[in-house]
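Heads up: the structure comes next, in C-alpha cells.
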Amino acid sequence: MFNSFFFFDIIFWIYLAAACCYIFYMGIKKEGLGHLAFALTFIGWLLNTVVLVVRWYETGRAPYANLYETMVLLSWMIVAGYIAMELKYKKLRVLGAIIVSIAFLAIGAAAMLPYRYQAIEPLIPALQSNWLVLHVVTTFIGYAGFAIAFGLGIMYLFKERAERSGRKSFFDRFPSSEILDDLNYKFIAIGFPFVTLGIILGAIWANYAWGGYWSWDPKETWSLIVWFIYAGYFHGRLVRGWKGRKTAYFSIIGFTAVIFLYWGVSFVLPGLHAYA
Amino acid sequence: METLVQTEVNTRQRGVLSKVYDFFSSVKLAVVVFFLLAAGSISGTLIEQGLSPQEYIANHGEKWYYWINLLSLNNVYHSWWFSVLLALLALNLAVCLSKRLPTIWKAYYVVDTDFTHNLVQNFKNNTVIQYPSGMEEARGKVVDILKGKKYKIWTENNPNDITIFAAKGRIGRLGSTIGHISIFIILIGAVLSSAIGFRGFYPFYEGESVFIPEGNFYVMVEKFWIDYYENGGVKDYFSKMSVIDNGKKVFTKTIQVNDPLQYKGVWFYQSSYGQAWDRLDKAFIRITDKKSGRVVADETLDFRKEKLIAGTDLRLNATNFLSDFAYDSESKQIYAKSGEQNNPAAELEIYEGGELIAKPWIFYNYPNMFPIEKSKYNFILSGYIAPQYSGLQIAKDPGVNLVWVGSFTLMGGLFISFFIFHRRIWIKILPSERSSLVYIGGLTNKDTIGFEKEMKSIIGSF
C-alpha cells in the first residue's frame, strides 16, 4: 500500500492545498494562513522526497528514466528552489501563490499521464549508465530555474500593470516589480548554466553511448533552440540593457519552449530520446 | 597632389572597410542569424531528415518535394545555407569580441586612483560620512572594513586628501569573453569533426575479421549475445571483440551499450543487432515431384556449400540470400530493400546429372511461383536460419577533444560571469575641522540589489 503511487497521491493534494492557501493569503492578510501555506509546502516537499526515495527503492535505479519520474523530480526541484527563496527573503511569501501552483501543475500533469508512462519499466540498454543521473539532474535543475523565472515573469507583468495604474489592487502584496525583475534574472542565471551543463553532459554521454556527441535528434535540436532563446535574454539584458517587461516576456517565451522541449518533443517528434 | 589623391583613396577604402566591420559587428546581424538558425533547426525537426525522394513525394507531394530538394530541407543540418549561417555566426562572434575586448580589458585591469570627490558623488550608490577623527584614522577604518568584505585595496596619500580605490570579483568581467571564445572553440571542433571525422555503421558477424582502414588494423567480434529481463525485454547485449594489429591479437574486450572499445583513436560502439539480410547459416529446401506432388526430400543446405541429394541425381547450392528481395529495373540489380525479413529469397544453383540446369531465386513467401522447366522437381524454400549480426558504430573524431575543451571553458565562463560580480568602490577622504569627511561611491556590473545591501553594511560599520 505504501508504494510510491500512494505518496504521490498525497503530495498531489498537499501541493493543491498549499497553493490554495498561498492564493487566499494573497487576498486575506492573515499571517497564520501564510505560515500554514509554508508548512504545507514544506511537508509536501518532504513527501515528494519520499516519493523519489521509494521509487528509487522500487525500481532499483535512479528514478529519472521516464516522463512521470522526471515530473516528480521537477516538482521537487521547483519547490526546493521556492523554499530556499522564501527562507532567504522572508518578505516574499506571496510568491508561493504562483510558484507552488506551478509545482502542483507539474504533479497534476504527471498524474494525468496514461498508466504505461507511469509504470516501472526496466531500463533499456541505452539508459544503463551513470551519465543518466548527471545529465537528468543538471538539466532539471535548469528547467526548475526556468519554471520559477516563468512564474516570476507572469507576476511581474501583473504587478507592473498595477503599479502603473496606481490604484489599489489584488497585487499590492506582491513584492515590487523591481524585486520581481531582479529575482527573475537570478533564477534564469541559475537555470542557464545548469541547462548548458545538462546539454554538455548529454553530449559527452551520447558520444560514449552512440558514437557521436551531436546527432541533431529533435530533443537535441530543441534544447539548442531553448539555449538560443535564453542566450538572447542575457544579451538583451546585459548588452542592450533590457529590463522589466521585455525580459519578463522573454522568460515566458523561453519556458514555453522548455515545455515543448520537455513534453512536445517526446510526444510529437520521434527520435533517439523517445523514452522521455 | 599625389599625396592628396592617396589620402582620398585611403579614406574611401576605410569607409568601405568600416562599413563591412560595422555590418559584421552589428547586433542586428546576430539577431537575424540566430532567428534563421532557429527557424532552420525547427524545420529540420518537423520535416523528417534523410528519406528517399520517393518517400518525400509520397508524404508531401511532388510540388513540396521540389522545394524540399531545392532548399535541402531533407538534410537541413548539413546543407550549404546552414553552414553559411554558422560561419556568419562565427564571424559575427569574432568581430564583436574584438570590438568589445578593449573595454572589457580596461574595466578588468584599470586601477582608478585619479578622481575627485565630486565624481564619487555622481554614483548611484554614494554617501558622505563625517568621521570623528583624523584622516589617517579614517583611512585605517575604511581599509579594515573593506578588507573584512574581501576587497582588494589601493590607497594614495595626496597633499590635501587620501584616495582609496577598492575592487573585488574583477574576474567576473572576463566570464563573457571566456564564454564567447569557448563557443568559437566548440565551432572549430565541430568543423573538424565534420571535415576529417569519420562515423559509420557496420554489421559484424561472429568470427569474421574486418579491416579498419581508418586505423590500419583488423577487429573481430568473437562472440555476440543478448541478456533478457524476466519479462522478455532486452536487458543488454554484448560483443566480445578482439583487435588484430600487425597479425597479432593485441587485446580483447567485451563491449556493450554504454561501454565502447577504443584503439588507435578509433572507437567501436555497440549500437544494435539484427538478423542478416544478405547471408544465411542454413537453408531448408523441400524437393517435390512435379507429377505426383510427392515430397522427394527435405534437405538442409549450408550456405554456399554444394550438397548431393541422396536418392536423386541432384546437387544443390544456396549461393545467395536477401531478406527483403527487390529488383531495380533501371540498373537491373537485385538488392535488399531493408534489413527486415519482409520478402526472404534464396538463390539456388540446381545441378541435374552434373550439369547446371537453372539458377533461380526462390521465395519463402511465394512457393512455386516460377517452376523450373528443365527439371522434373519443384524446389521450395521452406525455411532458413540467418545469422545474427552485432551492429557497431565506428567513429574516429579528432574534433571531439576541442569540443570538450570548449565546453569546459564555456561552463567556467558562465559560472564566472553569473556568480562573480565586479564591485568597485571609490573613496575620497577630505580633512574637516577636528574630523574627516569620507566620500564613498560604488558601482557593480551585476546584482545591484546585493551590492546595495553590501554598501549599506559598509556604511553602517563606521
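Letters for chains follow the order of the C-alpha cells (A, B, ...), residue numbers begin at 1 for each chain, and ligand numbers begin at 1 in the order shown.
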
Residue neighbourhood Ala248 in chain A, 8 Å, only C-alpha atoms, exclusion window fewer than 4 positions, as JSON, numbers by chain: {"A": [150, 152, 153, 154, 156, 157, 181, 184, 244, 252]}

Could you write out that same residue set with C-alpha atoms as a tab-separated table (two decimals), in the first residue's frame?
chain	number	residue	atom	x	y	z
A	150	PHE	CA	8.44	31.96	-15.67
A	152	LEU	CA	8.09	35.47	-11.57
A	153	GLY	CA	7.77	36.85	-15.11
A	154	ILE	CA	3.99	36.44	-15.01
A	156	TYR	CA	5.99	40.90	-12.86
A	157	LEU	CA	3.56	41.67	-15.69
A	181	ASP	CA	12.64	41.62	-12.15
A	184	ASN	CA	13.58	36.68	-12.48
A	244	GLY	CA	11.23	44.70	-16.88
A	252	ILE	CA	7.64	33.35	-20.55

Interface residues on chain B facing chain A, 9 Å, only C-alpha atoms, written as a ChimeraX atom specification: /B:31,34,37-38,41-42,44-46,77,199,229,233-237,256-260,267-271,393-397,400,404,407-408,410-411,414-415,418-419,446-449

Leaving out Met85 in chain A and any residue of its chain fewer than 5 positions from it, which residues lie within 10 Å of it when counting only C-alpha atoms, given as an mmCIF file with N, CA and C atoms, in the first residue's frame?
data_model
loop_
_atom_site.group_PDB
_atom_site.id
_atom_site.type_symbol
_atom_site.label_atom_id
_atom_site.label_comp_id
_atom_site.auth_asym_id
_atom_site.auth_seq_id
_atom_site.Cartn_x
_atom_site.Cartn_y
_atom_site.Cartn_z
ATOM 1 N N VAL A 79 9.945 23.204 -5.897
ATOM 2 C CA VAL A 79 9.576 23.514 -4.514
ATOM 3 C C VAL A 79 10.833 23.766 -3.679
ATOM 4 N N ALA A 80 11.891 22.975 -3.922
ATOM 5 C CA ALA A 80 13.144 23.212 -3.197
ATOM 6 C C ALA A 80 13.637 24.636 -3.468
ATOM 7 N N LYS A 90 12.406 36.614 3.517
ATOM 8 C CA LYS A 90 11.209 36.241 4.273
ATOM 9 C C LYS A 90 9.964 37.007 3.851
ATOM 10 N N LEU A 92 8.852 37.639 0.978
ATOM 11 C CA LEU A 92 8.341 37.347 -0.364
ATOM 12 C C LEU A 92 7.357 36.177 -0.384
ATOM 13 N N ARG A 93 6.705 35.927 0.753
ATOM 14 C CA ARG A 93 5.882 34.738 0.879
ATOM 15 C C ARG A 93 4.791 34.623 -0.182
ATOM 16 N N LEU A 95 4.835 34.955 -3.208
ATOM 17 C CA LEU A 95 5.282 34.369 -4.466
ATOM 18 C C LEU A 95 4.860 32.905 -4.581
ATOM 19 N N GLY A 96 4.630 32.269 -3.424
ATOM 20 C CA GLY A 96 4.176 30.877 -3.430
ATOM 21 C C GLY A 96 2.888 30.699 -4.212
ATOM 22 N N LEU A 183 14.729 39.020 -9.246
ATOM 23 C CA LEU A 183 14.642 37.583 -8.957
ATOM 24 C C LEU A 183 14.516 36.785 -10.242
#

Which is closer to Val54 in chain A than all the others in A:Gly81, A:Phe6, A:Phe12, A:Gly198, using only C-alpha atoms? A:Phe6

Per DSSP on the backbone, what are the helix (DSSP H, G or I) residues of range 126-372 of chain B, as a PyMOL selection string? chain B and resi 135-148+170-196

Would you list the contacts of His78 in chain B as JSON, numbers by chain, taking every protein, DNA or RNA residue within 12 Å and counting only C-alpha atoms, but skipping same-chain residues closer than 3 positions in sequence? {"A": [215, 216], "B": [40, 41, 44, 49, 50, 71, 72, 73, 74, 75, 81, 82, 83, 84, 85, 86, 190, 191, 194, 195]}

Please provide the set of residues having any atom within 12 Å of Tyr273 in chain B, restricted to only C-alpha atoms, with same-chain residues fewer than 2 positions apart removed, written as a PyMOL selection string. chain B and resi 201-206+224-226+234+236-239+256-257+269-271+275-277+339-340+387-393

List the spatial neighbours of Glu58 in chain A as number ranges by chain - criterion: any atom at most 10 Å away, only C-alpha atoms, same-chain residues fewer than 5 positions off excluded. A: 3-4, 52-53, 63, 120

Tell me, in Å to one decimal, how far CA of Phe187 in chain A is from CA of Gly145 in chain A. 5.0 Å
